[in-house]
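Heads up, upload30.pdb below (PDB, C-alpha atoms, pLDDT in the B column):
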```
ATOM      1  CA  ILE F 133       0.000   0.000   0.000  1.00 52.00           C
ATOM      2  CA  GLU F 134       1.440   3.323  -1.031  1.00 58.00           C
ATOM      3  CA  LEU F 135       0.134   6.293   0.894  1.00 66.00           C
ATOM      4  CA  HIS F 136       0.055   9.845  -0.351  1.00 79.00           C
ATOM      5  CA  GLY F 137      -0.350  12.686   2.042  1.00 86.00           C
ATOM      6  CA  ASN F 138      -1.843  16.136   2.023  1.00 88.00           C
ATOM      7  CA  VAL F 139       0.226  18.652   3.977  1.00 87.00           C
ATOM      8  CA  TYR F 140      -2.693  21.099   3.911  1.00 90.00           C
ATOM      9  CA  ASP F 141      -4.827  18.711   5.978  1.00 89.00           C
ATOM     10  CA  ARG F 142      -4.062  19.316   9.661  1.00 87.00           C
ATOM     11  CA  THR F 143      -4.791  15.682  10.543  1.00 88.00           C
ATOM     12  CA  CYS F 144      -2.379  14.254   7.940  1.00 89.00           C
ATOM     13  CA  PRO F 145       0.878  12.769   9.292  1.00 88.00           C
ATOM     14  CA  THR F 146       2.764  14.562   6.506  1.00 89.00           C
ATOM     15  CA  ARG F 147       2.506  17.683   8.671  1.00 87.00           C
ATOM     16  CA  LYS F 148       4.819  16.106  11.253  1.00 87.00           C
ATOM     17  CA  ILE F 149       7.454  15.138   8.709  1.00 88.00           C
ATOM     18  CA  LEU F 150       7.185  18.592   7.122  1.00 90.00           C
ATOM     19  CA  ASP F 151       7.873  20.075  10.557  1.00 89.00           C
ATOM     20  CA  ARG F 152      10.875  17.757  10.888  1.00 90.00           C
ATOM     21  CA  ILE F 153      12.463  18.558   7.528  1.00 89.00           C
ATOM     22  CA  GLY F 154      11.675  22.254   7.926  1.00 89.00           C
ATOM     23  CA  ASP F 155      13.587  22.394  11.208  1.00 91.00           C
ATOM     24  CA  LYS F 156      16.919  24.236  11.014  1.00 93.00           C
ATOM     25  CA  TRP F 157      18.782  21.566  13.002  1.00 96.00           C
ATOM     26  CA  THR F 158      17.528  18.827  10.669  1.00 96.00           C
ATOM     27  CA  ALA F 159      18.674  20.797   7.625  1.00 94.00           C
ATOM     28  CA  LEU F 160      22.126  21.277   9.141  1.00 96.00           C
ATOM     29  CA  VAL F 161      22.542  17.656  10.300  1.00 97.00           C
ATOM     30  CA  ILE F 162      21.437  16.287   6.910  1.00 97.00           C
ATOM     31  CA  GLY F 163      23.802  18.725   5.184  1.00 96.00           C
ATOM     32  CA  LEU F 164      26.792  17.487   7.160  1.00 97.00           C
ATOM     33  CA  LEU F 165      25.894  13.808   6.878  1.00 98.00           C
ATOM     34  CA  GLU F 166      25.574  14.313   3.123  1.00 96.00           C
ATOM     35  CA  GLU F 167      29.370  14.754   3.126  1.00 95.00           C
ATOM     36  CA  ARG F 168      30.078  11.523   5.038  1.00 97.00           C
ATOM     37  CA  THR F 169      29.391   9.436   8.134  1.00 98.00           C
ATOM     38  CA  MET F 170      30.141  11.379  11.321  1.00 98.00           C
ATOM     39  CA  ARG F 171      30.373  10.906  15.049  1.00 96.00           C
ATOM     40  CA  PHE F 172      28.190  12.840  17.488  1.00 95.00           C
ATOM     41  CA  SER F 173      31.083  14.976  18.731  1.00 94.00           C
ATOM     42  CA  GLU F 174      32.012  15.999  15.197  1.00 97.00           C
ATOM     43  CA  LEU F 175      28.436  16.987  14.380  1.00 97.00           C
ATOM     44  CA  LYS F 176      28.243  19.006  17.610  1.00 97.00           C
ATOM     45  CA  GLN F 177      31.522  20.769  16.838  1.00 97.00           C
ATOM     46  CA  ARG F 178      30.540  21.654  13.264  1.00 97.00           C
ATOM     47  CA  ILE F 179      27.001  22.870  14.040  1.00 97.00           C
ATOM     48  CA  VAL F 180      27.886  25.958  16.039  1.00 96.00           C
ATOM     49  CA  GLY F 181      25.217  26.788  18.607  1.00 96.00           C
ATOM     50  CA  ILE F 182      23.432  23.435  18.866  1.00 97.00           C
ATOM     51  CA  SER F 183      23.152  22.039  22.364  1.00 97.00           C
ATOM     52  CA  GLN F 184      23.973  18.434  23.165  1.00 96.00           C
ATOM     53  CA  LYS F 185      20.316  17.872  24.086  1.00 97.00           C
ATOM     54  CA  MET F 186      19.017  19.320  20.808  1.00 97.00           C
ATOM     55  CA  LEU F 187      21.503  17.344  18.704  1.00 98.00           C
ATOM     56  CA  THR F 188      20.568  14.142  20.538  1.00 97.00           C
ATOM     57  CA  GLN F 189      16.865  14.841  20.029  1.00 97.00           C
ATOM     58  CA  THR F 190      17.345  15.707  16.342  1.00 97.00           C
ATOM     59  CA  LEU F 191      19.373  12.567  15.646  1.00 98.00           C
ATOM     60  CA  ARG F 192      16.854  10.357  17.477  1.00 97.00           C
ATOM     61  CA  ASN F 193      13.973  11.856  15.498  1.00 96.00           C
ATOM     62  CA  LEU F 194      15.833  11.415  12.209  1.00 97.00           C
ATOM     63  CA  GLU F 195      16.606   7.814  13.138  1.00 97.00           C
ATOM     64  CA  ARG F 196      12.955   7.173  14.032  1.00 96.00           C
ATOM     65  CA  ASP F 197      11.841   8.652  10.704  1.00 95.00           C
ATOM     66  CA  GLY F 198      14.208   6.346   8.813  1.00 97.00           C
ATOM     67  CA  LEU F 199      16.487   9.145   7.609  1.00 97.00           C
ATOM     68  CA  VAL F 200      19.599   8.375   9.673  1.00 98.00           C
ATOM     69  CA  ILE F 201      21.255   5.151  10.811  1.00 98.00           C
ATOM     70  CA  ARG F 202      23.009   5.064  14.187  1.00 97.00           C
ATOM     71  CA  THR F 203      25.802   2.506  14.410  1.00 96.00           C
ATOM     72  CA  ILE F 204      27.403   1.578  17.738  1.00 94.00           C
ATOM     73  CA  TYR F 205      30.832  -0.073  17.685  1.00 92.00           C
ATOM     74  CA  ALA F 206      31.754  -2.333  20.611  1.00 91.00           C
ATOM     75  CA  GLU F 207      34.973  -0.568  21.517  1.00 90.00           C
ATOM     76  CA  VAL F 208      36.242   1.032  24.693  1.00 90.00           C
ATOM     77  CA  PRO F 209      35.045   3.708  24.814  1.00 87.00           C
ATOM     78  CA  PRO F 210      32.094   2.865  22.529  1.00 87.00           C
ATOM     79  CA  ARG F 211      32.127   4.616  19.164  1.00 90.00           C
ATOM     80  CA  VAL F 212      28.815   5.801  17.690  1.00 93.00           C
ATOM     81  CA  GLU F 213      28.475   6.984  14.102  1.00 97.00           C
ATOM     82  CA  TYR F 214      25.613   8.467  12.126  1.00 98.00           C
ATOM     83  CA  THR F 215      25.004   8.100   8.417  1.00 98.00           C
ATOM     84  CA  LEU F 216      22.165   8.910   6.035  1.00 98.00           C
ATOM     85  CA  THR F 217      19.873   6.123   4.903  1.00 98.00           C
ATOM     86  CA  PRO F 218      18.884   5.903   1.225  1.00 98.00           C
ATOM     87  CA  LEU F 219      15.671   7.739   2.205  1.00 97.00           C
ATOM     88  CA  GLY F 220      17.701  10.393   4.025  1.00 97.00           C
ATOM     89  CA  LYS F 221      19.849  10.884   0.924  1.00 97.00           C
ATOM     90  CA  THR F 222      16.722  11.854  -1.029  1.00 96.00           C
ATOM     91  CA  LEU F 223      16.493  14.971   1.161  1.00 95.00           C
ATOM     92  CA  THR F 224      19.999  16.239   0.425  1.00 95.00           C
ATOM     93  CA  VAL F 225      19.185  18.089  -2.818  1.00 95.00           C
ATOM     94  CA  PRO F 226      16.068  19.942  -1.597  1.00 94.00           C
ATOM     95  CA  LEU F 227      17.681  20.891   1.722  1.00 92.00           C
ATOM     96  CA  ALA F 228      20.881  22.014  -0.017  1.00 92.00           C
ATOM     97  CA  ALA F 229      18.746  24.241  -2.245  1.00 94.00           C
ATOM     98  CA  ILE F 230      17.170  25.854   0.828  1.00 92.00           C
ATOM     99  CA  ARG F 231      20.549  26.368   2.547  1.00 91.00           C
ATOM    100  CA  THR F 232      21.986  27.867  -0.649  1.00 94.00           C
ATOM    101  CA  TRP F 233      18.973  30.139  -1.050  1.00 94.00           C
ATOM    102  CA  ALA F 234      19.380  31.387   2.541  1.00 93.00           C
ATOM    103  CA  GLU F 235      23.094  32.092   2.057  1.00 94.00           C
ATOM    104  CA  THR F 236      22.562  33.739  -1.346  1.00 96.00           C
ATOM    105  CA  HIS F 237      19.670  36.004  -0.338  1.00 96.00           C
ATOM    106  CA  ILE F 238      20.502  36.900   3.273  1.00 95.00           C
ATOM    107  CA  SER F 239      21.470  40.486   2.432  1.00 95.00           C
ATOM    108  CA  GLU F 240      18.181  41.067   0.566  1.00 96.00           C
ATOM    109  CA  VAL F 241      16.171  39.579   3.420  1.00 96.00           C
ATOM    110  CA  THR F 242      18.079  41.649   5.981  1.00 95.00           C
ATOM    111  CA  GLU F 243      17.463  44.805   3.937  1.00 95.00           C
ATOM    112  CA  ALA F 244      13.727  44.042   3.673  1.00 95.00           C
ATOM    113  CA  GLN F 245      13.565  43.436   7.435  1.00 94.00           C
ATOM    114  CA  GLN F 246      15.276  46.749   8.142  1.00 93.00           C
ATOM    115  CA  GLN F 247      12.902  48.597   5.805  1.00 91.00           C
ATOM    116  CA  TYR F 248       9.895  46.953   7.448  1.00 92.00           C
ATOM    117  CA  ASP F 249      11.191  47.693  10.948  1.00 91.00           C
ATOM    118  CA  ASN F 250      11.653  51.351  10.013  1.00 90.00           C
ATOM    119  CA  LEU F 251       7.998  51.766   9.002  1.00 87.00           C
ATOM    120  CA  ASP F 252       5.617  53.242  11.526  1.00 80.00           C
ATOM    121  CA  ASP F 253       2.484  51.304  12.477  1.00 74.00           C
ATOM    122  CA  GLY F 254       0.292  53.276  10.066  1.00 72.00           C
ATOM    123  CA  GLU F 255       2.465  52.371   7.079  1.00 75.00           C
ATOM    124  CA  ARG F 256       2.339  48.663   7.933  1.00 67.00           C
ATOM    125  CA  ALA F 257      -1.463  48.495   8.052  1.00 64.00           C
TER     126      ALA F 257
END
```
How does this structure look as structure tokens?
Amino acid sequence: IELHGNVYDRTCPTRKILDRIGDKWTALVIGLLEERTMRFSELKQRIVGISQKMLTQTLRNLERDGLVIRTIYAEVPPRVEYTLTPLGKTLTVPLAAIRTWAETHISEVTEAQQQYDNLDDGERA
């Protein structure tokens, strides 16, 4: 059975996955794992500003959704690595496009925000 969703229907489970892939931490984790398999500490170091708790939560959610595989190696100390699943790899192109768009257009967005913030309440209405 192949299901198709409708993100405009508030009861559709596609809303939850849309929330997941629209999350900034998800976009950044997927972007790094697109390069190669990484350990938790490396992901934490490269994603400046993410807390250990948020990275743990993001990785667990991505694993639950079938986008990331967590591999534990029986070593001392244990080594844990994260890699994209084939399904996770299907997200790399759309998320890269969004990251590129943000980096390319940040000055235009910042300028628009400044113009908006400089308007008085009457001009915004």
Shell around region 180-183 of chain F at 12 Å using all atoms listed in the file, local window under 4 positions removed, as a PyMOL selection string = chain F and resi 156-158+160-161+172-176+187-190
Compile the contact shell of Leu164 (chain F) as a count of residues only: residues with an atom at most 9 Å away, counting all atoms listed in the file, same-chain residues fewer than 4 positions apart removed.
-> 8
Compile the contact shell of Lys221 (chain F) as number ranges by chain: residues with an atom at most 9 Å away, counting all atoms listed in the file, same-chain residues fewer than 2 positions apart removed.
-> F: 162, 165-166, 199, 216-219, 223-225
Using C-alpha atoms, can you export the residues from the last selection as a PDB file, in the coordinates of the input?
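Result file part05.pdb:
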```pdb
ATOM      1  CA  ILE F 162      21.437  16.287   6.910  1.00 97.00           C
ATOM      2  CA  LEU F 165      25.894  13.808   6.878  1.00 98.00           C
ATOM      3  CA  GLU F 166      25.574  14.313   3.123  1.00 96.00           C
ATOM      4  CA  LEU F 199      16.487   9.145   7.609  1.00 97.00           C
ATOM      5  CA  LEU F 216      22.165   8.910   6.035  1.00 98.00           C
ATOM      6  CA  THR F 217      19.873   6.123   4.903  1.00 98.00           C
ATOM      7  CA  PRO F 218      18.884   5.903   1.225  1.00 98.00           C
ATOM      8  CA  LEU F 219      15.671   7.739   2.205  1.00 97.00           C
ATOM      9  CA  LEU F 223      16.493  14.971   1.161  1.00 95.00           C
ATOM     10  CA  THR F 224      19.999  16.239   0.425  1.00 95.00           C
ATOM     11  CA  VAL F 225      19.185  18.089  -2.818  1.00 95.00           C
TER      12      VAL F 225
END
```
Using CA of Leu150 (chain F) and CA of Glu195 (chain F) as the two end points, give the distance in Å to one decimal.
->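 It comes out at 15.5 Å.
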Point (9.8, 15.0, 10.2), cut-off 10 Å, counting all atoms listed in the file, residues as a PyMOL selection string | chain F and resi 145-155+158+190+193-194+196-199
Please produce an output containing C-alpha atoms for each residue in the selection, written as a CSV table (one decimal), in the coordinates of the input.
```
chain,number,residue,atom,x,y,z
F,145,PRO,CA,0.9,12.8,9.3
F,146,THR,CA,2.8,14.6,6.5
F,147,ARG,CA,2.5,17.7,8.7
F,148,LYS,CA,4.8,16.1,11.3
F,149,ILE,CA,7.5,15.1,8.7
F,150,LEU,CA,7.2,18.6,7.1
F,151,ASP,CA,7.9,20.1,10.6
F,152,ARG,CA,10.9,17.8,10.9
F,153,ILE,CA,12.5,18.6,7.5
F,154,GLY,CA,11.7,22.3,7.9
F,155,ASP,CA,13.6,22.4,11.2
F,158,THR,CA,17.5,18.8,10.7
F,190,THR,CA,17.3,15.7,16.3
F,193,ASN,CA,14.0,11.9,15.5
F,194,LEU,CA,15.8,11.4,12.2
F,196,ARG,CA,13.0,7.2,14.0
F,197,ASP,CA,11.8,8.7,10.7
F,198,GLY,CA,14.2,6.3,8.8
F,199,LEU,CA,16.5,9.1,7.6
```
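A straight line drawn from CA of Glu167 (chain F) to CA of Thr236 (chain F) is 20.7 Å long.
Counting from CA of Ala234 (chain F), the distance to CA of His136 (chain F) is 29.1 Å.
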Hey, what's within 7 Å of Tyr214 (chain F) if we count only C-alpha atoms and toss same-chain stuff fewer than 6 positions away? As a ChimeraX atom specification, please?
-> /F:169-171,200-203
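If all atoms listed in the file are the atoms counted, then among F:Asn250, F:Arg142, F:Glu255, F:Ile230 the closest residue to Gly163 (chain F) is F:Ile230.
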Region 230-246 of chain F from the block above, N, CA and C atoms, as a PDB file, in the first residue's frame, please?
```pdb
ATOM      1  N   ILE F 230      17.651  24.896  -0.175  1.00  0.00           N
ATOM      2  CA  ILE F 230      17.170  25.854   0.828  1.00  0.00           C
ATOM      3  C   ILE F 230      18.341  26.537   1.527  1.00  0.00           C
ATOM      4  N   ARG F 231      19.369  25.760   1.900  1.00  0.00           N
ATOM      5  CA  ARG F 231      20.549  26.368   2.547  1.00  0.00           C
ATOM      6  C   ARG F 231      21.226  27.358   1.601  1.00  0.00           C
ATOM      7  N   THR F 232      21.357  26.985   0.345  1.00  0.00           N
ATOM      8  CA  THR F 232      21.986  27.867  -0.649  1.00  0.00           C
ATOM      9  C   THR F 232      21.155  29.134  -0.836  1.00  0.00           C
ATOM     10  N   TRP F 233      19.844  28.972  -0.905  1.00  0.00           N
ATOM     11  CA  TRP F 233      18.973  30.139  -1.050  1.00  0.00           C
ATOM     12  C   TRP F 233      19.172  31.093   0.121  1.00  0.00           C
ATOM     13  N   ALA F 234      19.204  30.552   1.349  1.00  0.00           N
ATOM     14  CA  ALA F 234      19.380  31.387   2.541  1.00  0.00           C
ATOM     15  C   ALA F 234      20.701  32.138   2.495  1.00  0.00           C
ATOM     16  N   GLU F 235      21.773  31.451   2.119  1.00  0.00           N
ATOM     17  CA  GLU F 235      23.094  32.092   2.057  1.00  0.00           C
ATOM     18  C   GLU F 235      23.164  33.122   0.927  1.00  0.00           C
ATOM     19  N   THR F 236      22.522  32.845  -0.185  1.00  0.00           N
ATOM     20  CA  THR F 236      22.562  33.739  -1.346  1.00  0.00           C
ATOM     21  C   THR F 236      21.739  35.009  -1.130  1.00  0.00           C
ATOM     22  N   HIS F 237      20.619  34.886  -0.436  1.00  0.00           N
ATOM     23  CA  HIS F 237      19.670  36.004  -0.338  1.00  0.00           C
ATOM     24  C   HIS F 237      19.616  36.671   1.032  1.00  0.00           C
ATOM     25  N   ILE F 238      20.556  36.344   1.927  1.00  0.00           N
ATOM     26  CA  ILE F 238      20.502  36.900   3.273  1.00  0.00           C
ATOM     27  C   ILE F 238      20.578  38.425   3.288  1.00  0.00           C
ATOM     28  N   SER F 239      21.367  39.016   2.416  1.00  0.00           N
ATOM     29  CA  SER F 239      21.470  40.486   2.432  1.00  0.00           C
ATOM     30  C   SER F 239      20.158  41.127   1.985  1.00  0.00           C
ATOM     31  N   GLU F 240      19.472  40.531   1.002  1.00  0.00           N
ATOM     32  CA  GLU F 240      18.181  41.067   0.566  1.00  0.00           C
ATOM     33  C   GLU F 240      17.122  40.927   1.655  1.00  0.00           C
ATOM     34  N   VAL F 241      17.127  39.801   2.340  1.00  0.00           N
ATOM     35  CA  VAL F 241      16.171  39.579   3.420  1.00  0.00           C
ATOM     36  C   VAL F 241      16.447  40.561   4.562  1.00  0.00           C
ATOM     37  N   THR F 242      17.710  40.724   4.911  1.00  0.00           N
ATOM     38  CA  THR F 242      18.079  41.649   5.981  1.00  0.00           C
ATOM     39  C   THR F 242      17.655  43.074   5.632  1.00  0.00           C
ATOM     40  N   GLU F 243      17.865  43.464   4.386  1.00  0.00           N
ATOM     41  CA  GLU F 243      17.463  44.805   3.937  1.00  0.00           C
ATOM     42  C   GLU F 243      15.941  44.971   4.031  1.00  0.00           C
ATOM     43  N   ALA F 244      15.191  43.981   3.598  1.00  0.00           N
ATOM     44  CA  ALA F 244      13.727  44.042   3.673  1.00  0.00           C
ATOM     45  C   ALA F 244      13.272  44.130   5.129  1.00  0.00           C
ATOM     46  N   GLN F 245      13.917  43.386   6.018  1.00  0.00           N
ATOM     47  CA  GLN F 245      13.565  43.436   7.435  1.00  0.00           C
ATOM     48  C   GLN F 245      13.812  44.817   8.007  1.00  0.00           C
ATOM     49  N   GLN F 246      14.951  45.416   7.642  1.00  0.00           N
ATOM     50  CA  GLN F 246      15.276  46.749   8.142  1.00  0.00           C
ATOM     51  C   GLN F 246      14.268  47.782   7.634  1.00  0.00           C
TER      52      GLN F 246
END
```
